[in-house]
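One structure below.
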Amino acid sequence: MKYHLASTRLLKRRLGPRIVRTDEVARAAASFDSSKLPFLPEAVVFPRDDADLTAVLVLANRHRVPVTVRGRGTSLTGSAAPKRGGWVVDMLGWNRIRIDAEAGMAQVQAGAKVADIQRAAEAKGWFYPPDPSSKEYCTIGGNIACNAGGMHGGKYGVTRDFVLALKGHLPTGEFVTWGTPTKKFSAGFNLRDLWIGSEGMLGIVTEATLKLIPLPAARWTLLAAFEAEPDAFRAVRALFGQRIQPAICEFLDRYSVLCAERATGATVFPGQSGRPVVLLELAGSASEVREQKRVVLAWAGRYAVAHRAARNRAEAEELWAVRRKCSGAMFELGDAKLNEDIVVPMHNYVKFARFLEQLRRESKLSIPTFGHLGDGNLHVNIMYHKAVPAECRAAEKAVQKLMQMVVALGGAISGEHGIGLAKTPFLRLQHSAAQVRAMQAVKKALDPNGILNPGKMFEIFEVWKHRRLDVKLPWDHK
Ligand SMILES: Cc1cc2nc3c(=O)[nH]c(=O)nc-3n(C[C@H](O)[C@H](O)[C@H](O)COP(=O)(O)OP(=O)(O)OC[C@H]3O[C@@H](n4cnc5c(N)ncnc54)[C@H](O)[C@@H]3O)c2cc1C
């Protein structure tokens with residue numbers, strides 16, 4: 001790694017020691033994200049305004065200093081880790097939120113917490129649906145950079161579907177705005193959408209205008225158990241075929257259910273322990289929900305081996321407990337997890353369920369799987385023990401087979417976490433050489449000196465060969 005001591009001193013002189021911190025504490029805290037792959041930066045910058053950001057980027061270009069922008073550092077792929085050192089730009093201080101209750105829009109700064117945006121919108125009767133499980137921690141800037149999704153994706157869409165306009169800085173430092181606070185904008189190339197999902201490699205987002213939708217007046221929750229995974233998948237296809245679009249349609253395979261049951265000490269459906277389950281939530285106007293409820297109850301009666309509807313919010317919370325517990329509870333199956341977030345098209349759900357069974361048999365590893373059946377985005381958790389070399393090798397092989405199969409089935413190697421470092425070995429499975437070249441050409445055009453988040457996406461990084469920090473983060477196992 002190259003050091004940039006003189007440039008760092010210059011930056012500190014220009015912006016001051018409170019804005020540019022070079023102490024061990026600040027540098028260590030910014031050296032890793034939720035992937036726990038550590039790379040120590042030389043300085044952490046806490047910009048006050050656009051002028052500070054321009055100063056950082058202009059100097060970084062002049063002296064070829066790597067710059068990595070950071071929200072809350074909840075990325076699971078290493079996308080926020082400063083792989084080449086240099087400077088980290090911390091956007092957490094940029095957290096203003098303003099709701100325009102007439103227009104149904106939110107003006108938010110990049111460091112605003114996603115759950116705070118949702119609460120501010122709800123207070124005025126509006127709803128911002130993208131809801132990553134990390135929403136109590138992560139920032140909207142990080143969500144835009146990763147095109148984050150969540151449980152509401154199937155019905156409402158992901159972050160991209162709610163961004164109307166962006167403000168920020170090109171890697172060269174110039175201030176730009178992509179779009180206006182309007183629902184229509186057709187003036188020139190759409191570089192707003194190029195920034196969304198660009199993982200902090202094409203620009204720094206400082207502010208966004210988000211679209212809001214009216215807050216649903218009614219909600220209703222149902223948990224249904226199925227004979228086996230392919231039955232659950234077939235049933236969900238049949239439900240969607242009846243034009244029912246639940247706001248949430250979460251699936252837990254039997255391994256995830258067993259983990260949750262052991263963690264809570266309760267059986268989800270007495271007499272049906274360890275069956276795969278689907279958790280449905282309907283949302284809309286009271287009459288819409290009433291109408292759909294009848295269809296869903298008839299569907300559950302036909303396809304499920306058992307089902308239970310919540311009569312009120314407290315009962316709905318009880319049903320949700322299974323889903324909330326399952327991820328953390330998996331660590332009884334291994335002390336390490338390859339947490340994949342693949343996507344499978346709905347018509348291939350059953351083929352994918354069969355493939356996972358085969359993968360478990362071949363690898364001899366536990367691979368509990370859960371996720372969002374509304375959009376086919378499944379979290380496949382390959383569990384292993386770090387100290388057992390045979391298990392590490394089996395996990396590495398299993399993830400490669402998984403990615404090959406996902407692409408063969410017409411799906412995606414990542415639905416919401418992005419590429420970062422962890423998915424770099426698989427980018428070329430998803431994209432042809434021409435596609436990767438096109439992406440690299442865009443990067444080169446916007447960031448000619450390659451200073452913004454270098455070493456990510458295109459360079460292969462074999463995550464299993466690298467030491468991870470043994471630290472517990474506030475959001476671990478939530
Ligand atoms: C427990 C847990 C649950 C999770 N659940 C979900 C989930 O359900 N759905 C989901 O999609 N993700 C999920 N994630 C992953 C993670 O929370 C998201 O990727 C989130 O978008 C990262 O936001 P952040 O503020 O932490 O960004 P960071 O981790 O700090 O950064 C992530 C990326 O965004 C870039 N970036 C950050 N801010 C900016 C900015 N202002 N301008 C330009 N680039 C920027 C960074 O350079 C980096 O490439 C989960 C993570 C954890 C730990």
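Following the order of the structure tokens, first chain is A, next is B, and so on, with residues numbered from 1 inside each chain and ligands from 1 in the order they appear.
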Report as a short mmCIF file (atom, residue, chain, number, x, y, z; two decimals) with C-alpha atoms, in the first residue's frame: the residues of range 178-258 of chain A with a DSSP assignment of alpha helix (DSSP H), based on the backbone of this structure.
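Done, and the output landed in selection.cif:
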data_model
loop_
_atom_site.label_atom_id
_atom_site.label_comp_id
_atom_site.auth_asym_id
_atom_site.auth_seq_id
_atom_site.Cartn_x
_atom_site.Cartn_y
_atom_site.Cartn_z
CA LEU A 191 -26.71 9.68 -14.64
CA ARG A 192 -28.83 9.56 -11.49
CA ASP A 193 -29.49 5.89 -12.15
CA LEU A 194 -25.83 5.32 -12.97
CA TRP A 195 -24.92 6.54 -9.49
CA GLU A 229 -39.52 -26.29 0.40
CA PRO A 230 -40.68 -27.01 -3.18
CA ASP A 231 -44.30 -26.99 -1.90
CA ALA A 232 -43.80 -23.56 -0.34
CA PHE A 233 -42.30 -22.23 -3.58
CA ARG A 234 -45.11 -23.69 -5.73
CA ALA A 235 -47.72 -22.27 -3.37
CA VAL A 236 -46.23 -18.77 -3.51
CA ARG A 237 -46.22 -18.86 -7.32
CA ALA A 238 -49.87 -19.89 -7.22
CA LEU A 239 -50.69 -16.97 -4.90
CA PHE A 240 -49.00 -14.42 -7.15
CA GLY A 241 -50.83 -16.04 -10.06
CA ARG A 254 -36.85 -25.85 7.53
CA TYR A 255 -33.21 -25.37 8.65
CA SER A 256 -33.81 -21.69 9.40
CA VAL A 257 -37.04 -22.57 11.25
CA LEU A 258 -35.26 -25.20 13.35
#
Fill in: Environment of ligand 1 within 6 Å, counting only C-alpha atoms and all ligand atoms, reported as a ChimeraX atom specification
/A:33-34,68-76,79-80,91,110,132-134,138-139,141-143,145-146,148-150,199-200,203-206,416-417,475-476,478
Discussion item. As a PyMOL selection string, please: every residue in range 137-320 of chain A that DSSP puts in strand (DSSP E or B).
Written reply: chain A and resi 139+163-169+175-178+204-211+213-214+218-225+248-252+277-284+306-309
Could you write those residues out with N, CA and C atoms, as a CSV table (one decimal), in the first residue's frame?
chain,number,residue,atom,x,y,z
A,139,THR,N,-27.3,4.3,6.4
A,139,THR,CA,-27.7,5.6,5.9
A,139,THR,C,-28.3,5.5,4.5
A,163,VAL,N,-35.8,7.0,-5.8
A,163,VAL,CA,-34.9,8.1,-5.9
A,163,VAL,C,-35.4,9.0,-7.1
A,164,LEU,N,-35.8,10.2,-6.8
A,164,LEU,CA,-36.2,11.1,-7.8
A,164,LEU,C,-35.0,12.0,-8.3
A,165,ALA,N,-34.1,12.4,-7.4
A,165,ALA,CA,-33.0,13.3,-7.8
A,165,ALA,C,-31.9,13.1,-6.8
A,166,LEU,N,-30.7,13.4,-7.3
A,166,LEU,CA,-29.5,13.3,-6.4
A,166,LEU,C,-28.6,14.6,-6.5
A,167,LYS,N,-28.0,14.9,-5.5
A,167,LYS,CA,-26.9,16.0,-5.5
A,167,LYS,C,-25.6,15.3,-5.0
A,168,GLY,N,-24.5,15.9,-5.5
A,168,GLY,CA,-23.3,15.3,-5.0
A,168,GLY,C,-22.1,15.8,-5.8
A,169,HIS,N,-21.0,15.0,-5.7
A,169,HIS,CA,-19.7,15.4,-6.3
A,169,HIS,C,-19.2,14.3,-7.2
A,175,PHE,N,-19.3,19.8,-8.3
A,175,PHE,CA,-20.7,19.6,-7.7
A,175,PHE,C,-21.6,19.3,-8.9
A,176,VAL,N,-22.5,18.3,-8.7
A,176,VAL,CA,-23.5,18.0,-9.8
A,176,VAL,C,-24.9,17.7,-9.2
A,177,THR,N,-25.9,17.9,-10.0
A,177,THR,CA,-27.3,17.5,-9.6
A,177,THR,C,-27.8,16.6,-10.7
A,178,TRP,N,-28.4,15.5,-10.3
A,178,TRP,CA,-29.0,14.6,-11.3
A,178,TRP,C,-30.5,14.6,-11.0
A,204,ILE,N,-19.8,11.0,-5.0
A,204,ILE,CA,-20.3,11.1,-3.6
A,204,ILE,C,-21.6,11.7,-3.6
A,205,VAL,N,-22.6,11.0,-3.0
A,205,VAL,CA,-24.0,11.5,-2.9
A,205,VAL,C,-24.0,12.4,-1.6
A,206,THR,N,-24.5,13.6,-1.8
A,206,THR,CA,-24.7,14.4,-0.6
A,206,THR,C,-26.1,14.6,-0.2
A,207,GLU,N,-27.0,14.5,-1.2
A,207,GLU,CA,-28.4,14.8,-0.9
A,207,GLU,C,-29.3,14.0,-1.9
A,208,ALA,N,-30.5,13.6,-1.5
A,208,ALA,CA,-31.4,12.9,-2.4
A,208,ALA,C,-32.8,13.4,-2.2
A,209,THR,N,-33.6,13.4,-3.3
A,209,THR,CA,-35.0,13.6,-3.2
A,209,THR,C,-35.7,12.3,-3.4
A,210,LEU,N,-36.5,11.8,-2.4
A,210,LEU,CA,-37.1,10.5,-2.4
A,210,LEU,C,-38.6,10.6,-2.6
A,211,LYS,N,-39.1,9.7,-3.4
A,211,LYS,CA,-40.6,9.6,-3.6
A,211,LYS,C,-41.2,8.9,-2.4
A,213,ILE,N,-45.0,7.2,-0.7
A,213,ILE,CA,-46.3,6.8,-1.1
A,213,ILE,C,-47.2,6.9,0.1
A,214,PRO,N,-48.5,7.0,0.0
A,214,PRO,CA,-49.4,7.1,1.1
A,214,PRO,C,-49.2,5.9,2.1
A,218,ALA,N,-54.2,-0.3,6.5
A,218,ALA,CA,-54.5,-1.5,7.1
A,218,ALA,C,-53.4,-2.5,6.8
A,219,ARG,N,-53.1,-3.4,7.7
A,219,ARG,CA,-52.1,-4.5,7.5
A,219,ARG,C,-52.7,-5.8,8.1
A,220,TRP,N,-52.2,-6.9,7.6
A,220,TRP,CA,-52.7,-8.2,8.1
A,220,TRP,C,-51.6,-9.2,7.9
A,221,THR,N,-51.3,-10.0,8.9
A,221,THR,CA,-50.2,-11.0,8.8
A,221,THR,C,-50.7,-12.4,9.0
A,222,LEU,N,-50.0,-13.3,8.2
A,222,LEU,CA,-50.3,-14.7,8.2
A,222,LEU,C,-49.0,-15.5,8.1
A,223,LEU,N,-49.0,-16.6,8.9
A,223,LEU,CA,-47.8,-17.5,8.8
A,223,LEU,C,-48.3,-18.8,8.4
A,224,ALA,N,-47.7,-19.4,7.4
A,224,ALA,CA,-48.2,-20.7,6.9
A,224,ALA,C,-47.0,-21.7,6.8
A,225,ALA,N,-47.2,-22.9,7.2
A,225,ALA,CA,-46.2,-24.0,7.1
A,225,ALA,C,-46.5,-24.9,5.9
A,248,ILE,N,-45.3,-8.0,2.1
A,248,ILE,CA,-44.1,-8.8,2.5
A,248,ILE,C,-44.4,-10.3,2.2
A,249,CYS,N,-43.4,-11.0,1.7
A,249,CYS,CA,-43.6,-12.5,1.5
A,249,CYS,C,-42.3,-13.1,1.9
A,250,GLU,N,-42.1,-13.4,3.1
A,250,GLU,CA,-40.8,-13.9,3.6
A,250,GLU,C,-40.9,-15.5,3.7
A,251,PHE,N,-39.8,-16.1,3.3
A,251,PHE,CA,-39.7,-17.5,3.3
A,251,PHE,C,-38.6,-17.9,4.3
A,252,LEU,N,-38.8,-19.0,5.0
A,252,LEU,CA,-37.7,-19.6,5.9
A,252,LEU,C,-37.8,-21.1,5.6
A,277,VAL,N,-41.6,-22.3,6.3
A,277,VAL,CA,-42.8,-21.4,6.5
A,277,VAL,C,-42.7,-20.2,5.6
A,278,VAL,N,-43.9,-19.6,5.3
A,278,VAL,CA,-43.9,-18.4,4.6
A,278,VAL,C,-44.7,-17.4,5.4
A,279,LEU,N,-44.1,-16.2,5.6
A,279,LEU,CA,-44.8,-15.1,6.4
A,279,LEU,C,-45.3,-14.1,5.4
A,280,LEU,N,-46.6,-13.9,5.4
A,280,LEU,CA,-47.2,-12.9,4.5
A,280,LEU,C,-47.7,-11.7,5.2
A,281,GLU,N,-47.5,-10.5,4.7
A,281,GLU,CA,-48.2,-9.4,5.2
A,281,GLU,C,-48.9,-8.6,4.1
A,282,LEU,N,-50.2,-8.5,4.2
A,282,LEU,CA,-51.0,-7.7,3.3
A,282,LEU,C,-51.0,-6.2,3.8
A,283,ALA,N,-51.0,-5.3,2.8
A,283,ALA,CA,-51.1,-3.9,3.3
A,283,ALA,C,-51.9,-3.1,2.2
A,284,GLY,N,-52.6,-2.1,2.6
A,284,GLY,CA,-53.4,-1.3,1.7
A,284,GLY,C,-54.6,-0.7,2.4
A,306,ALA,N,-50.4,-26.1,7.8
A,306,ALA,CA,-50.9,-25.4,8.9
A,306,ALA,C,-50.8,-23.9,8.6
A,307,HIS,N,-51.7,-23.1,9.2
A,307,HIS,CA,-51.5,-21.6,9.1
A,307,HIS,C,-52.1,-20.9,10.3
A,308,ARG,N,-51.6,-19.7,10.5
A,308,ARG,CA,-52.1,-19.0,11.6
A,308,ARG,C,-52.1,-17.5,11.3
A,309,ALA,N,-53.3,-16.8,11.4
A,309,ALA,CA,-53.3,-15.4,11.1
A,309,ALA,C,-53.3,-14.6,12.4
Discussion item. For a quick check of understanding, using only C-alpha atoms, which of A:Gly301, A:Gly411, A:Pro389, A:Leu92 has the smallest distance to Asn348 in chain A?
Written reply: A:Gly411
Fill in: Close residues, Pro345 in chain A itself excluded, 8 Å, only C-alpha atoms, min 2 positions apart in chain, as an NGL selection string
:A and (343 or 347-349 or 375-376 or 409-411)
Worksheet item: How many Å lie between CA of Pro216 in chain A and CA of Val108 in chain A, rounded to one decimal?
Response: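 Going from CA of Pro216 in chain A over to CA of Val108 in chain A, I get 22.1 Å.
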Discussion item. Give me the residues near range 11-21 of chain A as an MDAnalysis selection string, where near means some atom within 9 Å (using only C-alpha atoms) and where sequence neighbours in that chain fewer than 6 positions away do not count.
Written reply: chainID A and resid 27 42:48 52 55:56 59
Worksheet item: What does the distance between CA of Val380 in chain A and CA of Pro425 in chain A come to in Å, to one decimal place?
Response: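 These atoms are spaced 17.2 Å apart.
With only C-alpha atoms taken into account, the protein and nucleic acid residues at most 10 Å from Ile413 in chain A (excluding it and anything under 2 positions from it in its own chain) are Glu340, Asp341, Ile342, Val343, Val344, Asn377, Leu402, Met403, Gln404, Met405, Val406, Val407, Gly411, Gly415, Glu416, His417, Gly418, Ile419, Lys423, Phe426, Leu427, Leu429 and Gln430 of chain A.
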Please save N, CA and C atoms of the selected residues as a PDB file, in the first residue's frame.
ATOM      1  N   GLU A 340     -24.933 -15.051   1.391  1.00  0.00           N
ATOM      2  CA  GLU A 340     -25.145 -14.639   0.004  1.00  0.00           C
ATOM      3  C   GLU A 340     -26.551 -14.060  -0.158  1.00  0.00           C
ATOM      4  N   ASP A 341     -26.722 -13.201  -1.140  1.00  0.00           N
ATOM      5  CA  ASP A 341     -28.027 -12.544  -1.331  1.00  0.00           C
ATOM      6  C   ASP A 341     -28.442 -12.657  -2.797  1.00  0.00           C
ATOM      7  N   ILE A 342     -28.475 -13.902  -3.254  1.00  0.00           N
ATOM      8  CA  ILE A 342     -28.718 -14.154  -4.674  1.00  0.00           C
ATOM      9  C   ILE A 342     -30.195 -13.913  -5.043  1.00  0.00           C
ATOM     10  N   VAL A 343     -30.445 -13.862  -6.343  1.00  0.00           N
ATOM     11  CA  VAL A 343     -31.831 -13.714  -6.804  1.00  0.00           C
ATOM     12  C   VAL A 343     -32.127 -14.806  -7.830  1.00  0.00           C
ATOM     13  N   VAL A 344     -33.300 -15.411  -7.697  1.00  0.00           N
ATOM     14  CA  VAL A 344     -33.712 -16.469  -8.629  1.00  0.00           C
ATOM     15  C   VAL A 344     -35.054 -16.059  -9.229  1.00  0.00           C
ATOM     16  N   ASN A 377     -35.290 -12.841  -3.971  1.00  0.00           N
ATOM     17  CA  ASN A 377     -33.993 -12.510  -3.361  1.00  0.00           C
ATOM     18  C   ASN A 377     -33.821 -13.345  -2.074  1.00  0.00           C
ATOM     19  N   LEU A 402     -22.926 -22.348  -6.144  1.00  0.00           N
ATOM     20  CA  LEU A 402     -24.159 -21.574  -5.970  1.00  0.00           C
ATOM     21  C   LEU A 402     -24.248 -20.463  -7.018  1.00  0.00           C
ATOM     22  N   MET A 403     -23.161 -19.713  -7.162  1.00  0.00           N
ATOM     23  CA  MET A 403     -23.181 -18.575  -8.094  1.00  0.00           C
ATOM     24  C   MET A 403     -23.362 -19.055  -9.541  1.00  0.00           C
ATOM     25  N   GLN A 404     -22.688 -20.173  -9.875  1.00  0.00           N
ATOM     26  CA  GLN A 404     -22.850 -20.703 -11.240  1.00  0.00           C
ATOM     27  C   GLN A 404     -24.302 -21.070 -11.498  1.00  0.00           C
ATOM     28  N   MET A 405     -24.918 -21.725 -10.521  1.00  0.00           N
ATOM     29  CA  MET A 405     -26.301 -22.175 -10.692  1.00  0.00           C
ATOM     30  C   MET A 405     -27.269 -20.986 -10.803  1.00  0.00           C
ATOM     31  N   VAL A 406     -27.041 -19.991  -9.948  1.00  0.00           N
ATOM     32  CA  VAL A 406     -27.919 -18.819  -9.950  1.00  0.00           C
ATOM     33  C   VAL A 406     -27.908 -18.153 -11.337  1.00  0.00           C
ATOM     34  N   VAL A 407     -26.714 -18.015 -11.904  1.00  0.00           N
ATOM     35  CA  VAL A 407     -26.617 -17.380 -13.225  1.00  0.00           C
ATOM     36  C   VAL A 407     -27.245 -18.296 -14.284  1.00  0.00           C
ATOM     37  N   GLY A 411     -30.702 -15.820 -12.863  1.00  0.00           N
ATOM     38  CA  GLY A 411     -30.818 -14.928 -11.704  1.00  0.00           C
ATOM     39  C   GLY A 411     -29.630 -13.992 -11.555  1.00  0.00           C
ATOM     40  N   GLY A 415     -28.646  -9.370  -5.020  1.00  0.00           N
ATOM     41  CA  GLY A 415     -29.889  -8.629  -5.199  1.00  0.00           C
ATOM     42  C   GLY A 415     -29.899  -7.318  -4.454  1.00  0.00           C
ATOM     43  N   GLU A 416     -29.031  -7.197  -3.408  1.00  0.00           N
ATOM     44  CA  GLU A 416     -29.097  -5.969  -2.614  1.00  0.00           C
ATOM     45  C   GLU A 416     -27.781  -5.588  -1.940  1.00  0.00           C
ATOM     46  N   HIS A 417     -26.884  -6.529  -1.717  1.00  0.00           N
ATOM     47  CA  HIS A 417     -25.652  -6.178  -0.994  1.00  0.00           C
ATOM     48  C   HIS A 417     -24.586  -5.578  -1.903  1.00  0.00           C
ATOM     49  N   GLY A 418     -24.629  -5.910  -3.197  1.00  0.00           N
ATOM     50  CA  GLY A 418     -23.633  -5.391  -4.135  1.00  0.00           C
ATOM     51  C   GLY A 418     -22.408  -6.291  -4.240  1.00  0.00           C
ATOM     52  N   ILE A 419     -21.387  -5.785  -4.939  1.00  0.00           N
ATOM     53  CA  ILE A 419     -20.197  -6.594  -5.248  1.00  0.00           C
ATOM     54  C   ILE A 419     -19.081  -6.363  -4.227  1.00  0.00           C
ATOM     55  N   LYS A 423     -17.854 -10.224  -3.620  1.00  0.00           N
ATOM     56  CA  LYS A 423     -18.472 -10.879  -4.794  1.00  0.00           C
ATOM     57  C   LYS A 423     -17.613 -10.734  -6.047  1.00  0.00           C
ATOM     58  N   PHE A 426     -17.092 -13.397  -8.739  1.00  0.00           N
ATOM     59  CA  PHE A 426     -18.247 -13.881  -9.509  1.00  0.00           C
ATOM     60  C   PHE A 426     -18.780 -12.853 -10.508  1.00  0.00           C
ATOM     61  N   LEU A 427     -18.181 -11.655 -10.517  1.00  0.00           N
ATOM     62  CA  LEU A 427     -18.697 -10.603 -11.411  1.00  0.00           C
ATOM     63  C   LEU A 427     -18.714 -11.077 -12.861  1.00  0.00           C
ATOM     64  N   LEU A 429     -19.038 -14.030 -13.962  1.00  0.00           N
ATOM     65  CA  LEU A 429     -20.075 -15.043 -14.234  1.00  0.00           C
ATOM     66  C   LEU A 429     -21.351 -14.333 -14.678  1.00  0.00           C
ATOM     67  N   GLN A 430     -21.596 -13.200 -14.017  1.00  0.00           N
ATOM     68  CA  GLN A 430     -22.830 -12.457 -14.293  1.00  0.00           C
ATOM     69  C   GLN A 430     -22.717 -11.650 -15.581  1.00  0.00           C
TER      70      GLN A 430
END
Discussion item. Taking only C-alpha atoms into account, name the residue in A:Ala115, A:Ile382, A:Leu37, A:Met105 that is nearest to Lys337 in chain A.
Written reply: A:Ile382
Worksheet entry | Distance in Å - CA of Ala445 in chain A versus CA of Arg160 in chain A |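 Calculated distance between CA of Ala445 in chain A and CA of Arg160 in chain A is 22.7 Å.
In terms of minimum interatomic distance to Arg324 in chain A, A:Thr264 ranks closest within A:Thr264, A:Asn339, A:Gln107, A:Asn61, counting only C-alpha atoms.
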Fill in: Counting only C-alpha atoms, the option among A:Ala286, A:Ala112, A:Ala398, A:Leu170 closest to Glu362 in chain A
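Looking only at the distances to Glu362 in chain A, the closest residue turns out to be A:Ala398.
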Practice prompt. Tell me, as a PyMOL selection string, which residues lie within 9 Å of Met330 in chain A, counting only C-alpha atoms; anything in the same chain fewer than 5 positions away does not count.
Written response: chain A and resi 255-256+259-260+325+335+337+368+381+383
Write the selection just made, keeping N, CA and C atoms, as an mmCIF file, in the first residue's frame?
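This is the output file part.cif:
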data_model
loop_
_atom_site.group_PDB
_atom_site.id
_atom_site.type_symbol
_atom_site.label_atom_id
_atom_site.label_comp_id
_atom_site.auth_asym_id
_atom_site.auth_seq_id
_atom_site.Cartn_x
_atom_site.Cartn_y
_atom_site.Cartn_z
ATOM 1 N N TYR A 255 -34.428 -25.502 7.841
ATOM 2 C CA TYR A 255 -33.213 -25.374 8.654
ATOM 3 C C TYR A 255 -33.230 -24.039 9.411
ATOM 4 N N SER A 256 -33.716 -23.001 8.729
ATOM 5 C CA SER A 256 -33.813 -21.691 9.395
ATOM 6 C C SER A 256 -34.862 -21.757 10.505
ATOM 7 N N CYS A 259 -33.484 -23.547 13.556
ATOM 8 C CA CYS A 259 -32.575 -22.662 14.317
ATOM 9 C C CYS A 259 -33.393 -21.687 15.165
ATOM 10 N N ALA A 260 -34.401 -21.068 14.545
ATOM 11 C CA ALA A 260 -35.223 -20.088 15.277
ATOM 12 C C ALA A 260 -35.962 -20.776 16.423
ATOM 13 N N LYS A 325 -35.417 -13.929 14.566
ATOM 14 C CA LYS A 325 -34.443 -14.722 15.315
ATOM 15 C C LYS A 325 -33.552 -15.562 14.404
ATOM 16 N N ASP A 335 -19.236 -21.282 13.151
ATOM 17 C CA ASP A 335 -18.864 -19.962 13.678
ATOM 18 C C ASP A 335 -18.574 -18.973 12.557
ATOM 19 N N LYS A 337 -19.967 -17.618 8.427
ATOM 20 C CA LYS A 337 -21.111 -17.670 7.527
ATOM 21 C C LYS A 337 -20.756 -16.959 6.228
ATOM 22 N N PRO A 368 -28.688 -23.070 5.771
ATOM 23 C CA PRO A 368 -30.039 -22.544 5.980
ATOM 24 C C PRO A 368 -30.291 -21.356 5.050
ATOM 25 N N ASN A 381 -27.182 -19.035 3.399
ATOM 26 C CA ASN A 381 -26.152 -18.894 4.441
ATOM 27 C C ASN A 381 -25.321 -20.168 4.524
ATOM 28 N N MET A 383 -22.779 -22.157 6.224
ATOM 29 C CA MET A 383 -22.208 -22.141 7.571
ATOM 30 C C MET A 383 -21.017 -23.105 7.635
#
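Distance check against Thr182 in chain A using only C-alpha atoms: of A:Pro129, A:Gly154, A:Gly93, A:Gly104, the minimum falls on A:Gly104.
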